[in-house]
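J.: First, the structure itself, so that you have it in front of you.
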Amino acid sequence: MADLTVGYAAMLEQFGPQEVVGYQVLAEQNGFSGCMAADHFQPWVPAQGEASFVWNVLTAVGERTQGDLGPGVTCPSFRFHPAIVAQAAATLEAMYPGRSWLGVGSGEALNEHVVGGYWPEAGERSLRMFEAIEIIKKLFDASVAGKEVKHSGRFFQMETARLWTMPATPPPVLVATAGPVNAKKTGRFADGIITVGAPLEKIGGLFDRFAEGAREAGKDPDVMPKVLQLHLSWAATDEEAVANALDQWPNGGMKFPKADIRSPHDFAAMAQLVRAEDFEGRMLMTSDPDAHRAYIQRFVDLGFDRVYLHNVGRNQKEFIEVFGREVLPKLHR
């Protein structure tokens with residue numbers, strides 16, 4: 001079983017690239033280990049205010065820190081052809097061997113609609129993602145061996161190609177999912193799973209399906225990464241913690257699928273309807289570090305070995321220092 005690491009979730013929707021890198025460095029100095037950086041073309045709501053290119057930011061993070069790093073998550077099937085995602089991930093791993101990972105998801109219109117074209121329903125988006133993973137894995141394996149490979153599938157074509165910059169060991173491919181069908185396919189076709197905070201019994205069910213898929217493919221699910229991205233709101237007072245969530249992360253209180261909405265302005269209009277109670281059971285909002293510690297520990301006890309924390313407010317420096325001092329040292333496998 002892997003040791004527990006608690007990393008920093010670098011929100012490129014909320015902070016400019018230089019600022020994010022600075023927070024990541026500060027986080028590592030305060031006991032956080034690792035960076036999950038958001039791949040967004042737009043913020044969720046205009047109040048968040050930023051959306052820098054994830055691969056540039058990860059490179060800067062790699063230069064200035066020692067921990068693991070990866071996009072959480074990129075979509076390898078609309079804005080980018082899977083071969084381009086494979087190239088980006090291989091380059092990052094070639095630069096920072098043994099530190100990087102590739103987190104992929106099925107995509108959201110908010111980020112992907114920019115290239116135009118038909119926006120498919122969820123089932124088709126998942127099928128596209130798993131075909132993209134097949135291409136990425138084929139490219140990694142062929143390129144390590146110095147060979148070329150091609151692909152002709154339902155959604156993607158790739159002419160004869162290889163990655164010329166390729167590390168000896170490819171980065172692991174982790175899939176972000178919250179559904180049982182995709183969790184099982186993730187176990188079969190990917191190297192690990194990423195999910196977000198949810199009721200423990202739901203995550204327990206996901207882990208069961210993930211393990212089932214892994215075993216079907218002859219893999220040991222117990223050694224495959226189980227990664228959690230956890231949104232939380234901590235501030236000096238409970239009132240501030242709630243206000244930060246409502247202003248900066250109202251999307252966390254929206255209890256419906258968000259993948260079909262194209263504009264941050266549409267999200268802002270919906271955010272007018274979000275109330276503090278809508279975050280109940282979805283995100284902890286409190287000034288009490290020990291309450292956050294206990295909440296995080298429940299997920300660790302469930303079997304996560306890597307947790308990336310996102311404090312939704314703009315008070316990142318205070319959050320990093322307080323959690324580094326009062327929360328991280330008390331978490332344990």
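Order determines the names: the first chain of the structure tokens is A, the second B, and so forth; residues in each chain are numbered 1 upward, and ligands are numbered 1 upward as they are shown.
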If you count only C-alpha atoms, which residues fall within 10 Å of region 185-188 of chain A, apart from same-chain ones fewer than 4 positions away, as an MDAnalysis selection string?

T.: chainID A and resid 126 130 133 173:177 180:181 192:194 207:221 224

J.: Can you tell me, as a list of chain:residue names, what residues are no more than 8 Å from Met129 (chain A) when counting only C-alpha atoms, ignoring any on the same chain fewer than 4 positions away?

T.: A:Cys75, A:Pro76, A:Ser77, A:Val104, A:Gly105, A:Ser106, A:Arg125, A:Ile133

J.: When you count only C-alpha atoms, which of these residues is closest to Asn251 (chain A): A:Ala90, A:Val45, A:Val25, A:Ala236?

T.: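 Among A:Ala90, A:Val45, A:Val25, A:Ala236, it is A:Val45 that comes nearest to Asn251 (chain A).
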
J.: Please list as a list in words every residue within 8 Å of Ile136 (chain A), counting only C-alpha atoms and excluding residues in the same chain fewer than 5 positions away.

T.: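 Close residues of Ile136 (chain A): Pro82, Ala83, Val85 and Ala86 of chain A.
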
J.: Kindly provide the residues of region 27-47 of chain A that approach region 54-57 of chain A to within 8 Å, each paired with its closest atom pair and their distance in Å to one decimal, based on only C-alpha atoms, listed by chain and increasing number, as CSV.

T.:
residue,atom,partner,partner_atom,distance
A:Ala37,CA,A:Val54,CA,6.5
A:Ala38,CA,A:Val54,CA,6.6
A:Asp39,CA,A:Val54,CA,5.3
A:His40,CA,A:Val54,CA,7.6

J.: If you run DSSP on the backbone, which residues of region 22-87 of chain A are strand (DSSP E or B), as a list of chain:residue names?

T.: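 Here are the strand (DSSP E or B) residues of region 22-87 of chain A: A:Cys35, A:Met36, A:Ala37, A:Leu69, A:Gly70, A:Pro71, A:Thr74.
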
J.: Residues of region 245-307 of chain A that have any atom at most 12 Å from an atom of region 113-119 of chain A: could you tabulate them with the shortest-distance atom pair and the distance in Å to one decimal, using only C-alpha atoms, ordered by chain and increasing number, as a tab-separated table?

T.:
residue	atom	partner	partner_atom	distance
A:Ala259	CA	A:Trp119	CA	9.9
A:Asp260	CA	A:Trp119	CA	8.0
A:Ile261	CA	A:His113	CA	9.3
A:Arg262	CA	A:His113	CA	6.7
A:Ser263	CA	A:His113	CA	9.4

J.: Would you mind exporting N, CA, C and O atoms of the selected residues as a PDB file, in the first residue's frame?

T.:
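Output file again.pdb is given in full below:
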ATOM      1  N   ALA A 259     -21.840  19.412 -17.283  1.00  0.00           N
ATOM      2  CA  ALA A 259     -20.971  19.219 -18.452  1.00  0.00           C
ATOM      3  C   ALA A 259     -21.517  19.837 -19.736  1.00  0.00           C
ATOM      4  O   ALA A 259     -20.793  19.950 -20.716  1.00  0.00           O
ATOM      5  N   ASP A 260     -22.790  20.225 -19.754  1.00  0.00           N
ATOM      6  CA  ASP A 260     -23.372  20.727 -21.006  1.00  0.00           C
ATOM      7  C   ASP A 260     -23.444  22.247 -21.075  1.00  0.00           C
ATOM      8  O   ASP A 260     -23.887  22.800 -22.079  1.00  0.00           O
ATOM      9  N   ILE A 261     -23.017  22.932 -20.019  1.00  0.00           N
ATOM     10  CA  ILE A 261     -23.147  24.388 -19.970  1.00  0.00           C
ATOM     11  C   ILE A 261     -21.887  25.031 -20.548  1.00  0.00           C
ATOM     12  O   ILE A 261     -20.775  24.694 -20.158  1.00  0.00           O
ATOM     13  N   ARG A 262     -22.079  25.985 -21.471  1.00  0.00           N
ATOM     14  CA  ARG A 262     -20.947  26.490 -22.247  1.00  0.00           C
ATOM     15  C   ARG A 262     -20.295  27.747 -21.692  1.00  0.00           C
ATOM     16  O   ARG A 262     -19.161  28.036 -22.015  1.00  0.00           O
ATOM     17  N   SER A 263     -21.029  28.533 -20.910  1.00  0.00           N
ATOM     18  CA  SER A 263     -20.524  29.873 -20.598  1.00  0.00           C
ATOM     19  C   SER A 263     -20.430  30.139 -19.101  1.00  0.00           C
ATOM     20  O   SER A 263     -21.357  29.822 -18.345  1.00  0.00           O
TER      21      SER A 263
END

J.: Just want the 9 Å neighbourhood of Ile296 (chain A), counted on only C-alpha atoms, with same-chain residues fewer than 5 positions away dropped. Output as an MDAnalysis selection string.

T.: chainID A and resid 230 291 301 307 331
